[in-house]
Protein chains: 2
Amino acid sequence: MSEKLSKLKELLGEVSDINRAAAVLGWDQQVNMPPGGSEGRGQQLATLGKIAQEKFTTDEVGKLLDDLKQEFAGADADSDDAAMIRVAARNYDKAKRVPPEFIAEQAIVSTKAFEAWVDARRKSDFSIFLPHLEKNVELVKKYVSFFPPADHPYDTLLDDYEPGMKTAEVKAIFDGLRPKQVKLIKAIAATKQVKDDFLHKKYNEKKLWDFGVDVITQYGYDWSRGRQDKAPHPFETSFNVNDVRITTRFEADNPMATLFSTFHESGHAMYEQGVNPAYERTTLAGGTSLAIHESQSRMWENLVGRSLPFWEHFYPKLKKTFPSQLDGVSLKTFYKAINKVEPSFIRVNADEATYNLHIMLRLELEIGMVEGSIAIKDLPEIWNAKMQEYFGITPSNDAKGVLQDVHWSYGSIGYFSTYALGNLVSAQLWEKINKDIRNLDDQIRQGNFNELLTWLRAKVHVHGHKYDPQDLVQKVTGSKITPEPYVRYLTTKYSEIYGL
Amino acid sequence: MSEKLSKLKELLGEVSDINRAAAVLGWDQQVNMPPGGSEGRGQQLATLGKIAQEKFTTDEVGKLLDDLKQEFAGADADSDDAAMIRVAARNYDKAKRVPPEFIAEQAIVSTKAFEAWVDARRKSDFSIFLPHLEKNVELVKKYVSFFPPADHPYDTLLDDYEPGMKTAEVKAIFDGLRPKQVKLIKAIAATKQVKDDFLHKKYNEKKLWDFGVDVITQYGYDWSRGRQDKAPHPFETSFNVNDVRITTRFEADNPMATLFSTFHESGHAMYEQGVNPAYERTTLAGGTSLAIHESQSRMWENLVGRSLPFWEHFYPKLKKTFPSQLDGVSLKTFYKAINKVEPSFIRVNADEATYNLHIMLRLELEIGMVEGSIAIKDLPEIWNAKMQEYFGITPSNDAKGVLQDVHWSYGSIGYFSTYALGNLVSAQLWEKINKDIRNLDDQIRQGNFNELLTWLRAKVHVHGHKYDPQDLVQKVTGSKITPEPYVRYLTTKYSEIYGL
């Protein structure tokens, strides 16, 4: 190995160690930390973040990257080293453009904005949040200004989560998707609603937990390289390829969410567990983008975990676990219930058919805010109008509307679309998988997920960060991200469930 | 505040953040980490350790310390800032003397030595460990050589754990203690042994855990700034003054150990929770030395937790919790059983009366190894001879003898004595406390520990690292560490229990 490459790997390895250490502190904060610990922890995380940034953006790293780009100019772009240098150089360029003072300013502004948002949501009063959101958006625009002009200012934001993806591409994808999804939801709304009262009975938390654990063990989540804990918000986090953890929660009024969030997070986790171990401590470690990550979590949660073959296998066991709650409930009835479609105000509880519309709504607003075509003060009104247009419902107050999500209070703008893109990719991969594994449904019906996971490992997981999301999807499915498979998936599934 | 002082605090604050972050990773490693995580975690800890060392030993820190020493030359030595600068300067001087290559070499050598020790202990074959221990001792001597000559080479090692303490002082203390303790044990051995079979019945783990939690809640351990988990080895660790955690374990054949290790660790934890919050992120944060730390843990475990007044309060509740196990067992019988004295091979399970002898034995061997008066190859023989001399028993093999402790395999030499010193300090403080709080026994009999904790907070805890251990003991009790109070304590207690 080139001496310079080896030096670069050593330096970036340390940066990775610091970031992973910060991830441990973040996990602990969510899972274990006593209330008193938060101030000290915040300080520790700030210091680690600062050191990681400093160590990554030294002139020494810059010089090594310049030299290595030249050295590897003629190399196979598909080689690991070339990819590592390419990704590192891109990250370096981004990190160098953003001045440390800006990061500090944004931290202060968004901390205040978060507090204002909490207050505004509690009082359902957008005016409390308005000046803070305006300031956040201003900073987002300033952030964009550090980068070379793009086709669209939103491109710069999107690129942080979906490297190489353009706003125009996302718009085109969603424009193809929106009318079909709206049409589907309206068709469903016109039919008789399915029954799901039995899902809202009392379910024992421990039994739900154990059931979820058994399912994801069968999926192939490797417990010798992970663990599950309880946390207020479910998430997945990785400390290295051999320590990939998930959390779930229990909601008394929505007990099945414990199961489905375990399935969901296990999808993220199996992705991380499947990355080439040789990428450890390099910029190729970990999943390549939020959308690809979400494709994995949504696949195991929905395309597998909310499918009929899956429940043909698991429903008898679930019924045995909860005999009184599911007494007299047939497999078909249960299957329909967990796939109930219902226009709703709150994104995080939305079903598969309506979820993407929540995302599109937000994306349109975000793009409008960033390009200046939407005035922040008009957001509540626009929000409500779009809710009416897409879902046929209007929130009774801003807490259930424009104030529901925390993201904008952090100043995080640019990644909502990745949730919807993840859904699309999950279906796109699924069509390809079903071509490669002809009897996949039968395998799932047997509770056998081995071939599916092996396929995902080889085609998606192992590559880590090596390919940008669009390139990866192209490489695996033969085309870039496209909405058709998802529309076909939804239409087939819901036509059957709702007899459309 | 002087601009230089404020700069120094900023720099040392970052070093503290990194070290505290490493503590979180270390805690997680013991408590949560899946087996797969160890390699990556080791790497992360190595990187954090390296960065903390680098950031602490910069010329900038050195220059600031030099300037500040001058600036504070005339200041009240008792002021927090002066103490902080003094402690930081001492730590800086130490850190600068040890070359990074030496630290790296020691890490490699001790990792191999640890593996050899595990193997040697399993096979009870000292010869497997011998060459590694020789190498470890060689490195310890090399470490000593980085420092200016002291009265005794062991002084340099001891100073890392008990700042300012001399080998000659420790020897003198132990010389005063040894004959009295040996005499006591022989007197006990000549009497009728107490009954304790009921302590080794089956006890429910959860109930023991809950009982321990209730006791330390009553002690004053602050759960809003801490938590307890299970770990293979009980320990206390602090991430900041408001996040101080403990662990305990369950041993089926020694169930009461769950309780007493909870009491013990809570003593460490209450010390850390009681340090002046203004010392956070400075070199004054945390307990001042291992011996003072151990004085707190042993006090709450033994002087409080194994006392008759304590059990006068708690025994009825314990009996209610374990009615069948303690059926027909009187308070007095129970009290005697938990204080049973018995010469034994294994230090960690030793009772209060024999524990210190285990420590003295090791200290004598360590001093001999470091000054070269003992050949490493002769250790097993010397060990066994001393066991016979002090306890009247000889281990049947080296696993139960010279190979029992892990410490020497790490190359850790110099801190065994702190365990025994901690016992002495606990009794020395106890005599003073009982002068200041005349009805302490009555308070304990009522389950009221408030005045005791308040006393410890004000006299010991709040000072953190401000005073060196001998100075602190002098300040609080009027004399340096001395064995008499401990001898008086043991003699009184065991004379009554064994009717001497």
# chains A, B, ... in the order shown; residues from 1 in each chain; ligands from 1
>>> residues_around(residues="stretch 24-28 of chain A", least_positions_apart="2", cutoff="10 Å", atoms="only C-alpha atoms", output="ChimeraX atom specification")
/A:18-22,30-34,41-42,44-45,229,231,235-239,245-247 /B:21-22,24-25,28,41
>>> interface_residues(of="chain A", to="chain B", cutoff="7 Å", atoms="only C-alpha atoms", output="list of chain:residue names")
A:Glu14, A:Asp17, A:Ile18, A:Ala21, A:Val24, A:Leu25, A:Pro34, A:Pro35, A:Gly36, A:Gly37, A:Gly40, A:Gln44, A:Thr47, A:Ser224, A:Arg225, A:Gly226, A:Arg227, A:Asn240, A:Asn242, A:Asp243
>>> residues_around(residues="stretch 295-305 of chain B", least_positions_apart="6", cutoff="7 Å", atoms="only C-alpha atoms", output="MDAnalysis selection string")
chainID B and resid 260 263:268 271 422:423 425:426
>>> residues_around(residues="A:Gly499", least_positions_apart="2", cutoff="9 Å", atoms="only C-alpha atoms", output="PDB file with N, CA and C atoms, in the first residue's frame")
ATOM      1  N   ILE A 188     -59.342   3.883  -1.777  1.00  0.00           N
ATOM      2  CA  ILE A 188     -59.475   3.150  -0.516  1.00  0.00           C
ATOM      3  C   ILE A 188     -60.518   3.813   0.377  1.00  0.00           C
ATOM      4  N   THR A 191     -64.079   2.783   0.035  1.00  0.00           N
ATOM      5  CA  THR A 191     -64.530   1.421   0.340  1.00  0.00           C
ATOM      6  C   THR A 191     -64.796   1.285   1.838  1.00  0.00           C
ATOM      7  N   TYR A 494     -53.015  -3.238  -1.819  1.00  0.00           N
ATOM      8  CA  TYR A 494     -54.242  -2.645  -1.286  1.00  0.00           C
ATOM      9  C   TYR A 494     -55.473  -2.980  -2.105  1.00  0.00           C
ATOM     10  N   SER A 495     -55.276  -3.280  -3.380  1.00  0.00           N
ATOM     11  CA  SER A 495     -56.421  -3.731  -4.177  1.00  0.00           C
ATOM     12  C   SER A 495     -56.968  -5.005  -3.574  1.00  0.00           C
ATOM     13  N   GLU A 496     -56.061  -5.845  -3.152  1.00  0.00           N
ATOM     14  CA  GLU A 496     -56.480  -7.116  -2.577  1.00  0.00           C
ATOM     15  C   GLU A 496     -57.124  -6.898  -1.205  1.00  0.00           C
ATOM     16  N   ILE A 497     -56.466  -6.078  -0.398  1.00  0.00           N
ATOM     17  CA  ILE A 497     -56.971  -5.866   0.966  1.00  0.00           C
ATOM     18  C   ILE A 497     -58.316  -5.158   0.963  1.00  0.00           C
TER      19      ILE A 497
END
>>> atom_distance(atom1="atom CA of A:Glu169", atom2="atom CA of A:Thr418")
12.5 Å
>>> residues_around(residues="stretch 472-479 of chain B", least_positions_apart="6", cutoff="8 Å", atoms="only C-alpha atoms", output="PyMOL selection string")
chain B and resi 425+428-429+432+459-460
>>> residues_around(residues="B:Lys112", least_positions_apart="3", cutoff="12 Å", atoms="only C-alpha atoms", output="count of residues only")
20
>>> residues_around(residues="A:Gly220", least_positions_apart="4", cutoff="8 Å", atoms="only C-alpha atoms", output="PyMOL selection string")
chain A and resi 216+270+449-450+453
>>> write_last_selection(atoms="N, CA and C atoms", output="compact mmCIF listing (two decimals), in the first residue's frame")
# COMPACT_ATOMS: atom_id res chain seq x y z
N ILE A 216 -36.63 -11.13 14.72
CA ILE A 216 -35.43 -10.59 14.08
C ILE A 216 -34.24 -11.55 14.24
N MET A 270 -29.08 -4.79 10.28
CA MET A 270 -28.50 -5.85 9.45
C MET A 270 -27.69 -5.25 8.29
N PHE A 449 -35.47 -16.73 6.04
CA PHE A 449 -35.06 -15.44 5.47
C PHE A 449 -33.61 -15.44 5.02
N ASN A 450 -33.05 -16.62 5.07
CA ASN A 450 -31.62 -16.74 4.84
C ASN A 450 -31.20 -16.28 3.44
N LEU A 453 -31.57 -12.44 3.04
CA LEU A 453 -30.51 -11.68 3.69
C LEU A 453 -29.19 -11.85 2.94
